[in-house]
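Heads up, the thing below is written out as structure tokens.
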Amino acid sequence: MHLNGSAPPLTPARRRTVGVVIAAVLLLVGSLLLAYPDRADAAADPLISHGKPATASSSEASGLGPQNAFDGDPATRWASAEGEDPQWIRVDLGATANVTRVALSWEAAYAKAYRIEISADGTTWTRLADETAGNGGTDDWSALSGKGRYLRVYGIARGTAYGYSLHEVEVYGILDGAPPQTGAFTVVAAGDIAAQCTASDSDCAHPKTAALAQKLNPKFYLTMGDSQYDDARIADFRAYYDKTWGAFKDKTHPVPGNHETYDPAGSLVGYKTYFGAIAYPQGKSYYSFDEGNWHFIALDSNSFDQSAQIDWLKADLARNSKACIAAYWHHPLYSSGGHGNDPVSRPVWKILYGAKADLVLNGHDHHYERFAPQSPDGKATADGITEIVGGMGGAEPYPIENVQPNSQKRISGQYGVLKMDFTDSGYSWSYVGTDGKAKDTSPKYACH
């Protein structure tokens with residue numbers, strides 16, 4: 001079928017769930033890649049439809065409205081009136097966009113035939129793709145090319161006796177007026193670093209992680225607390241940390257851990273004396289800075305129960321103009337290691353989640369772990385925060401004890417650093433061991 005006298009059907013690349021055998025293969029491949037299924041193949045272009053206004057030709061019930069297909073929650077859905085063709089759902093992207101990918105997650109009531117269309121004004125529609133033999137599951141249309149403000153899925157023929165029902169409609173592309181590309185950059189990050197040992201001890205790890213970190217030559221370094229053991233005295237910082245990771249102190253953005261509070265001279269005294277304005281650039285043990293299209297927030301999780309830091313965080317996020325947000329501190333909300341989950345971080349997660357933050361980095365547990373994007377309550381969701389535990393900078397490793405939901409990969413016993421690769425619209429990373437080899441590589445994620 002041709003629409004409005006348009007050219008013959010387009011043939012963008014598409015991935016579709018088509019049967020038990022293929023589903024099994026995909027499941028196997030997914031487990032081998034350890035990738036979050038909804039985001040593992042995300043294009044470089046960001047998701048631009050989340051939370052945008054949606055309308056539909058009909059809704060089966062008030063709780064099954066079109067907004068459910070754009071809320072990032074795979075448990076909610078839009079459902080049309082039953083037994084009627086055609087039906088449609090559309091989203092207002094808020095501005096003209098170049099659309100490059102559309103992913104559809106069907107409920108049991110799927111479309112046997114449908115079109116994906118784009119429009120500048122919501123009245124005249126141009127076809128991006130069409131399906132004539134749909135069988136439900138997930139349809140992922142990539143390599144699309146269309147320009148407009150409105151996108152709709154137009155159901156022509158139902159695949160069941162019911163209506164049309166979509167858990168999610170994800171539209172990827174570039175909005176007009178989006179911040180200009182300023183280039184990619186690399187960051188090296190680690191927590192739990194300098195044990196009281198030196199390079200003369202062959203078992204001492206922090207000289208090795210420091211050599212690796214320096215060789216990777218990033219734009220800057222992040223440390224996620226417990227930079228110096230055991231009590232983070234200034235004498236210990238000078239005797240141990242300074243001899244290794246101190247080589248690039250001027251390029252480091254640190255945060256304190258619990259061991260920095262143990263200093264007999266006073267909580268954080270040695271930490272503040274050693275790092276000075278580097279750790280207190282805004283006069284507090286928490287601060288923020290920008291790089292490219294990213295806003296980085298350095299927090300002190302020793303004082304999450306104090307309103308001053310929470311109020312500052314809210315104000316900082318309100319002022320932020322960058323599209324992508326990363327935060328880092330010591331105590332992880334979720335961890336499969338010996339310390340386990342730390343609820344002290346949940347209120348901060350809720351604030352960051354509300355601001356559509358993308359990434360959180362933590363230490364405290366001495367292992368590497370990555371999680372699928374999740375909500376503050378631990379629910380896997382495409383618009384969730386990705387958390388990484390990176391506590392293998394040099395302190396004695398901790399075993400994995402209680403694997404948490406949404407944990408995708410865990411490594412204990414092998415020291416290393418996070419090599420984080422950021423672009424203006426997304427991020428990915430590798431966990432690199434002290435032998436210089438990548439022990440785990442993440443999916444590519446688009447910023448929210």
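Every chain in the structure tokens takes a letter, A first, then B, and so on in the order presented; its residues are numbered from 1, and the ligands are numbered from 1 following the presented order.
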Env of Gln414 of chain A: 9 Å cut, atoms = only C-alpha atoms, seq-sep filter 6 positions within chain, self excluded. Answer as an NGL selection string.
:A and (367-368 or 392 or 397 or 433-434)
Per residue of segment 341-368 of chain A within 7 Å of segment 384-388 of chain A, note the shortest atom pair and the distance in Å to one decimal, counting only C-alpha atoms, and order the rows by chain and increasing residue number, as a Markdown table.
| residue | atom | partner | partner_atom | distance |
| --- | --- | --- | --- | --- |
| A:Tyr353 | CA | A:Ile385 | CA | 6.8 |
| A:Ala357 | CA | A:Ile385 | CA | 6.4 |
| A:Asp358 | CA | A:Ile385 | CA | 5.0 |
| A:Leu359 | CA | A:Thr386 | CA | 4.8 |
| A:Val360 | CA | A:Glu387 | CA | 4.8 |
| A:Leu361 | CA | A:Ile388 | CA | 5.0 |
| A:Asn362 | CA | A:Ile388 | CA | 6.2 |
Output as a tab-separated table one row per residue of segment 363-445 of chain A within 12 Å of segment 250-264 of chain A: the closest atom pair and its distance in Å to one decimal place, counting only C-alpha atoms, sorted by chain and residue number ascending.
residue	atom	partner	partner_atom	distance
A:Gly363	CA	A:Gly257	CA	8.3
A:His364	CA	A:Gly257	CA	7.4
A:Asp365	CA	A:Gly257	CA	11.1
A:Gly391	CA	A:Gly257	CA	11.1
A:Ala395	CA	A:His259	CA	11.8
Those selected residues, please, written with N, CA and C atoms and delivered as a tab-separated table (two decimals), in the first residue's frame.
chain	number	residue	atom	x	y	z
A	363	GLY	N	32.24	2.94	44.87
A	363	GLY	CA	33.28	2.04	45.33
A	363	GLY	C	32.77	1.24	46.51
A	364	HIS	N	33.54	1.25	47.63
A	364	HIS	CA	33.19	0.64	48.91
A	364	HIS	C	33.34	-0.87	48.89
A	365	ASP	N	32.61	-1.57	48.06
A	365	ASP	CA	32.85	-3.00	47.91
A	365	ASP	C	33.99	-3.20	46.91
A	391	GLY	N	35.40	-0.78	42.78
A	391	GLY	CA	36.26	-0.73	43.95
A	391	GLY	C	37.48	-1.63	43.90
A	395	ALA	N	42.90	-1.96	46.97
A	395	ALA	CA	42.64	-2.56	48.28
A	395	ALA	C	42.29	-4.04	48.12
Surrounding residues of Leu128 of chain A excluding itself and chain neighbours under 4 positions, 8 Å, only C-alpha atoms, as a ChimeraX atom specification
/A:10,115-118,144-146
Skipping near chain neighbours, those fewer than 2 positions away, what residues fall within 7 Å of segment 104-114 of chain A using only C-alpha atoms, listed as a compact mmCIF listing (two decimals) with N, CA, C and O atoms, in the first residue's frame?
# COMPACT_ATOMS: atom_id res chain seq x y z
N VAL A 102 13.29 3.24 15.42
CA VAL A 102 12.07 3.09 16.20
C VAL A 102 12.00 1.65 16.69
O VAL A 102 12.11 0.72 15.89
N ILE A 116 4.84 2.77 10.19
CA ILE A 116 5.45 3.81 11.02
C ILE A 116 5.55 5.04 10.15
O ILE A 116 6.10 5.00 9.04
N ASP A 130 6.95 -0.06 6.86
CA ASP A 130 5.68 -0.75 7.01
C ASP A 130 5.91 -2.25 7.17
O ASP A 130 6.89 -2.81 6.70
N GLU A 131 4.97 -2.88 7.87
CA GLU A 131 5.01 -4.30 8.17
C GLU A 131 3.75 -4.94 7.62
O GLU A 131 2.64 -4.42 7.78
N THR A 132 3.90 -6.08 6.97
CA THR A 132 2.74 -6.78 6.42
C THR A 132 2.58 -8.19 6.97
O THR A 132 1.59 -8.85 6.69
N ALA A 133 3.57 -8.64 7.77
CA ALA A 133 3.49 -10.01 8.32
C ALA A 133 3.98 -10.02 9.77
O ALA A 133 4.79 -10.85 10.16
N GLY A 134 3.48 -9.09 10.57
CA GLY A 134 3.91 -9.00 11.95
C GLY A 134 3.45 -10.18 12.78
O GLY A 134 2.40 -10.77 12.53
N ASN A 135 4.25 -10.53 13.79
CA ASN A 135 3.86 -11.61 14.68
C ASN A 135 4.12 -11.26 16.15
O ASN A 135 4.27 -12.13 16.99
N GLY A 136 4.19 -9.96 16.45
CA GLY A 136 4.32 -9.52 17.83
C GLY A 136 5.76 -9.53 18.31
O GLY A 136 6.70 -9.49 17.52
N GLY A 137 5.92 -9.59 19.63
CA GLY A 137 7.26 -9.54 20.21
C GLY A 137 7.84 -8.15 20.11
O GLY A 137 7.18 -7.15 20.36
N THR A 138 9.09 -8.07 19.69
CA THR A 138 9.79 -6.78 19.57
C THR A 138 10.16 -6.53 18.12
O THR A 138 10.78 -7.38 17.48
N ASP A 139 9.77 -5.39 17.61
CA ASP A 139 10.18 -4.95 16.27
C ASP A 139 11.13 -3.77 16.45
O ASP A 139 10.76 -2.76 17.04
N ASP A 140 12.32 -3.91 15.93
CA ASP A 140 13.33 -2.87 16.08
C ASP A 140 13.77 -2.40 14.70
O ASP A 140 14.50 -3.09 14.01
N VAL A 153 2.45 5.19 15.00
CA VAL A 153 2.35 3.79 14.59
C VAL A 153 0.89 3.58 14.19
O VAL A 153 -0.01 3.74 15.02
N TYR A 154 0.66 3.26 12.94
CA TYR A 154 -0.68 3.18 12.37
C TYR A 154 -1.02 1.71 12.12
O TYR A 154 -0.50 1.08 11.19
N GLY A 155 -1.87 1.16 12.96
CA GLY A 155 -2.26 -0.23 12.85
C GLY A 155 -3.31 -0.45 11.77
O GLY A 155 -4.39 0.16 11.82
N ILE A 156 -3.01 -1.33 10.83
CA ILE A 156 -3.92 -1.59 9.71
C ILE A 156 -4.73 -2.86 9.93
O ILE A 156 -5.93 -2.90 9.68
N ALA A 157 -4.06 -3.91 10.43
CA ALA A 157 -4.75 -5.18 10.64
C ALA A 157 -4.25 -5.81 11.94
O ALA A 157 -3.04 -5.95 12.14
N ARG A 158 -5.18 -6.19 12.80
CA ARG A 158 -4.85 -6.82 14.07
C ARG A 158 -4.36 -8.25 13.86
O ARG A 158 -4.81 -8.94 12.95
N GLY A 159 -3.47 -8.66 14.75
CA GLY A 159 -3.00 -10.03 14.70
C GLY A 159 -3.82 -10.96 15.57
O GLY A 159 -3.65 -12.19 15.52
N THR A 160 -4.75 -10.40 16.38
CA THR A 160 -5.61 -11.19 17.26
C THR A 160 -7.01 -10.63 17.19
O THR A 160 -7.27 -9.63 16.50
N TYR A 162 -8.38 -9.18 19.57
CA TYR A 162 -8.42 -8.03 20.48
C TYR A 162 -8.08 -6.74 19.74
O TYR A 162 -8.35 -6.62 18.54
N GLY A 163 -7.46 -5.79 20.43
CA GLY A 163 -7.07 -4.55 19.77
C GLY A 163 -5.59 -4.52 19.47
O GLY A 163 -4.99 -5.54 19.12
N TYR A 164 -4.99 -3.33 19.60
CA TYR A 164 -3.55 -3.16 19.47
C TYR A 164 -3.02 -2.76 20.84
O TYR A 164 -3.63 -1.93 21.52
N SER A 165 -1.89 -3.32 21.22
CA SER A 165 -1.35 -3.00 22.55
C SER A 165 0.17 -2.98 22.51
O SER A 165 0.80 -3.94 22.09
N LEU A 166 0.73 -1.86 22.95
CA LEU A 166 2.18 -1.66 22.96
C LEU A 166 2.67 -1.33 24.36
O LEU A 166 2.15 -0.41 25.00
N HIS A 167 3.67 -2.08 24.83
CA HIS A 167 4.30 -1.75 26.10
C HIS A 167 5.16 -0.49 25.94
O HIS A 167 5.13 0.40 26.79
N GLU A 168 5.93 -0.42 24.87
CA GLU A 168 6.81 0.72 24.66
C GLU A 168 6.95 1.05 23.18
O GLU A 168 6.99 0.14 22.33
N VAL A 169 7.02 2.34 22.90
CA VAL A 169 7.42 2.86 21.59
C VAL A 169 8.62 3.75 21.85
O VAL A 169 8.50 4.77 22.54
N GLU A 170 9.78 3.38 21.35
CA GLU A 170 11.00 4.16 21.57
C GLU A 170 11.46 4.76 20.24
O GLU A 170 11.69 4.04 19.27
For the interface of segment 311-372 of chain A with segment 297-300 of chain A (cut-off 8 Å, counting only C-alpha atoms), please tabulate each contacting residue of segment 311-372 of chain A alongside its nearest pair of atoms and their separation in Å to one decimal, rows sorted by chain and increasing number, as a Markdown table.
| residue | atom | partner | partner_atom | distance |
| --- | --- | --- | --- | --- |
| A:Ile325 | CA | A:Ile297 | CA | 7.8 |
| A:Ala326 | CA | A:Ile297 | CA | 6.3 |
| A:Ala327 | CA | A:Ile297 | CA | 4.5 |
| A:Tyr328 | CA | A:Ala298 | CA | 5.3 |
| A:Trp329 | CA | A:Leu299 | CA | 5.1 |
| A:His330 | CA | A:Asp300 | CA | 7.3 |
Writer output for current selection, all heavy atoms, as a short mmCIF file (atom, residue, chain, number, x, y, z; two decimals), in the first residue's frame:
data_model
loop_
_atom_site.label_atom_id
_atom_site.label_comp_id
_atom_site.auth_asym_id
_atom_site.auth_seq_id
_atom_site.Cartn_x
_atom_site.Cartn_y
_atom_site.Cartn_z
N ILE A 325 24.03 13.32 32.48
CA ILE A 325 24.39 13.51 33.89
C ILE A 325 25.02 12.24 34.44
O ILE A 325 24.46 11.15 34.32
CB ILE A 325 23.16 13.87 34.74
CG1 ILE A 325 22.51 15.16 34.25
CG2 ILE A 325 23.55 14.00 36.22
CD1 ILE A 325 21.18 15.47 34.93
N ALA A 326 26.18 12.39 35.07
CA ALA A 326 26.85 11.31 35.80
C ALA A 326 27.13 11.78 37.21
O ALA A 326 27.52 12.93 37.43
CB ALA A 326 28.15 10.90 35.12
N ALA A 327 26.92 10.91 38.18
CA ALA A 327 27.23 11.22 39.57
C ALA A 327 28.09 10.11 40.14
O ALA A 327 28.02 8.96 39.70
CB ALA A 327 25.94 11.37 40.39
N TYR A 328 28.92 10.46 41.13
CA TYR A 328 29.76 9.43 41.75
C TYR A 328 29.98 9.75 43.22
O TYR A 328 30.04 10.90 43.63
CB TYR A 328 31.09 9.28 41.00
CG TYR A 328 31.98 10.50 40.94
CD1 TYR A 328 33.13 10.59 41.72
CD2 TYR A 328 31.70 11.56 40.09
CE1 TYR A 328 33.97 11.69 41.67
CE2 TYR A 328 32.53 12.67 40.01
CZ TYR A 328 33.67 12.73 40.81
OH TYR A 328 34.49 13.82 40.75
N TRP A 329 30.03 8.66 44.00
CA TRP A 329 30.28 8.74 45.44
C TRP A 329 30.72 7.36 45.90
O TRP A 329 30.88 6.45 45.08
CB TRP A 329 29.05 9.25 46.18
CG TRP A 329 27.82 8.38 46.09
CD1 TRP A 329 27.52 7.30 46.87
CD2 TRP A 329 26.73 8.52 45.18
NE1 TRP A 329 26.31 6.76 46.51
CE2 TRP A 329 25.79 7.49 45.48
CE3 TRP A 329 26.42 9.41 44.14
CZ2 TRP A 329 24.60 7.33 44.78
CZ3 TRP A 329 25.23 9.25 43.45
CH2 TRP A 329 24.33 8.22 43.76
N HIS A 330 30.86 7.18 47.22
CA HIS A 330 31.49 5.96 47.72
C HIS A 330 30.52 4.79 47.92
O HIS A 330 30.74 3.71 47.39
CB HIS A 330 32.21 6.26 49.03
CG HIS A 330 33.06 5.13 49.52
ND1 HIS A 330 34.09 4.60 48.76
CD2 HIS A 330 33.05 4.42 50.68
CE1 HIS A 330 34.68 3.63 49.43
NE2 HIS A 330 34.06 3.49 50.61
#
Could you write out, as a VMD selection string, all the residues of segment 162-265 of chain A that DSSP marks as alpha helix (DSSP H)?
chain A and resid 206 to 216 234 to 239
Return the single residue from A:Val432, A:Leu352, A:Ala161, A:Ile193 that is closest to Tyr241 of chain A, with distances computed using only C-alpha atoms.
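Smallest distance to Tyr241 of chain A is found for A:Ile193.
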Hey, can you check how far atom CA of Phe185 of chain A sits from atom CA of Arg410 of chain A?
25.5 Å
What lies within 8 Å of Pro218 of chain A using only C-alpha atoms, ignoring chain neighbours under 5 positions off, as a ChimeraX atom specification?
/A:185-188,213
Could you write those residues out with all heavy atoms, as a CSV table (one decimal), in the first residue's frame?
chain,number,residue,atom,x,y,z
A,185,PHE,N,35.4,12.1,24.8
A,185,PHE,CA,36.5,12.1,25.8
A,185,PHE,C,36.5,10.8,26.6
A,185,PHE,O,35.4,10.2,26.8
A,185,PHE,CB,36.5,13.4,26.7
A,185,PHE,CG,35.2,13.5,27.5
A,185,PHE,CD1,35.2,13.1,28.9
A,185,PHE,CD2,34.1,14.1,27.0
A,185,PHE,CE1,34.1,13.2,29.6
A,185,PHE,CE2,32.9,14.2,27.8
A,185,PHE,CZ,33.0,13.8,29.1
A,186,THR,N,37.6,10.5,27.2
A,186,THR,CA,37.8,9.3,28.0
A,186,THR,C,38.1,9.7,29.5
A,186,THR,O,38.8,10.7,29.7
A,186,THR,CB,38.9,8.5,27.5
A,186,THR,OG1,38.5,8.0,26.1
A,186,THR,CG2,39.1,7.2,28.3
A,187,VAL,N,37.5,8.9,30.4
A,187,VAL,CA,37.8,9.1,31.8
A,187,VAL,C,38.2,7.8,32.4
A,187,VAL,O,37.7,6.8,32.0
A,187,VAL,CB,36.5,9.6,32.5
A,187,VAL,CG1,36.7,9.7,34.0
A,187,VAL,CG2,36.1,11.0,32.0
A,188,VAL,N,39.2,7.8,33.3
A,188,VAL,CA,39.5,6.6,34.1
A,188,VAL,C,39.0,6.8,35.5
A,188,VAL,O,39.2,7.9,36.1
A,188,VAL,CB,41.0,6.4,34.1
A,188,VAL,CG1,41.5,5.4,35.1
A,188,VAL,CG2,41.5,5.9,32.7
A,213,ALA,N,46.3,3.3,34.8
A,213,ALA,CA,45.5,4.5,34.6
A,213,ALA,C,46.3,5.6,33.9
A,213,ALA,O,45.7,6.3,33.0
A,213,ALA,CB,45.1,5.0,36.0
Could you check which of A:Ala239, A:Ala279, A:Ala265, A:Leu313 is closest to Leu222 of chain A, using only C-alpha atoms?
A:Ala279
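Between atom CA of Tyr334 of chain A and atom CA of Gly436 of chain A the interatomic distance comes to 27.4 Å.
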So the first atom is atom CA of Ser321 of chain A and the second is atom CA of His295 of chain A; what is the distance between them in Å, to one decimal place?
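Computed distance, atom CA of Ser321 of chain A to atom CA of His295 of chain A, equals 8.2 Å.
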If you run DSSP on the backbone here, which positions in segment 86-320 of chain A get strand (DSSP E or B)? Please write them as a ChimeraX atom specification.
/A:87-106,111-119,126-131,138-141,146-158,165-175,185-190,194,220-224,228,252-255,287-291,294-298
Do a neighbour search on Phe304 of chain A at 9 Å with only C-alpha atoms, toss out local chain neighbours closer than 4 positions, and write the hits as a PDB file with N, CA and C atoms, in the first residue's frame.
ATOM      1  N   LEU A 299      29.860  13.558  45.028  1.00  0.00           N
ATOM      2  CA  LEU A 299      29.104  13.633  46.281  1.00  0.00           C
ATOM      3  C   LEU A 299      29.842  12.944  47.424  1.00  0.00           C
ATOM      4  N   ASP A 300      29.533  13.377  48.635  1.00  0.00           N
ATOM      5  CA  ASP A 300      30.100  12.824  49.861  1.00  0.00           C
ATOM      6  C   ASP A 300      29.043  11.971  50.543  1.00  0.00           C
ATOM      7  N   ALA A 308      22.016  19.898  54.084  1.00  0.00           N
ATOM      8  CA  ALA A 308      22.775  20.884  53.309  1.00  0.00           C
ATOM      9  C   ALA A 308      23.208  20.307  51.965  1.00  0.00           C
ATOM     10  N   GLN A 309      23.729  19.065  51.959  1.00  0.00           N
ATOM     11  CA  GLN A 309      24.172  18.463  50.703  1.00  0.00           C
ATOM     12  C   GLN A 309      22.981  18.137  49.798  1.00  0.00           C
ATOM     13  N   ILE A 310      21.900  17.666  50.370  1.00  0.00           N
ATOM     14  CA  ILE A 310      20.713  17.337  49.581  1.00  0.00           C
ATOM     15  C   ILE A 310      20.142  18.597  48.934  1.00  0.00           C
ATOM     16  N   VAL A 344      21.436   4.230  52.369  1.00  0.00           N
ATOM     17  CA  VAL A 344      21.723   5.650  52.592  1.00  0.00           C
ATOM     18  C   VAL A 344      21.713   6.418  51.274  1.00  0.00           C
ATOM     19  N   SER A 345      21.948   5.713  50.162  1.00  0.00           N
ATOM     20  CA  SER A 345      22.023   6.372  48.855  1.00  0.00           C
ATOM     21  C   SER A 345      20.678   6.495  48.150  1.00  0.00           C
ATOM     22  N   PRO A 347      17.730   8.103  48.772  1.00  0.00           N
ATOM     23  CA  PRO A 347      17.175   9.447  48.541  1.00  0.00           C
ATOM     24  C   PRO A 347      17.904  10.214  47.450  1.00  0.00           C
ATOM     25  N   VAL A 348      19.215  10.036  47.366  1.00  0.00           N
ATOM     26  CA  VAL A 348      19.981  10.710  46.316  1.00  0.00           C
ATOM     27  C   VAL A 348      19.639  10.118  44.950  1.00  0.00           C
TER      28      VAL A 348
END
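Using only C-alpha atoms, the residues found no farther than 10 Å from Ala355 of chain A, other than those of its own chain fewer than 3 positions away, are Lys314, Leu317, Ala318, Asn320, Ile325, Trp349, Lys350, Ile351, Leu352, Asp358 and His448 of chain A.
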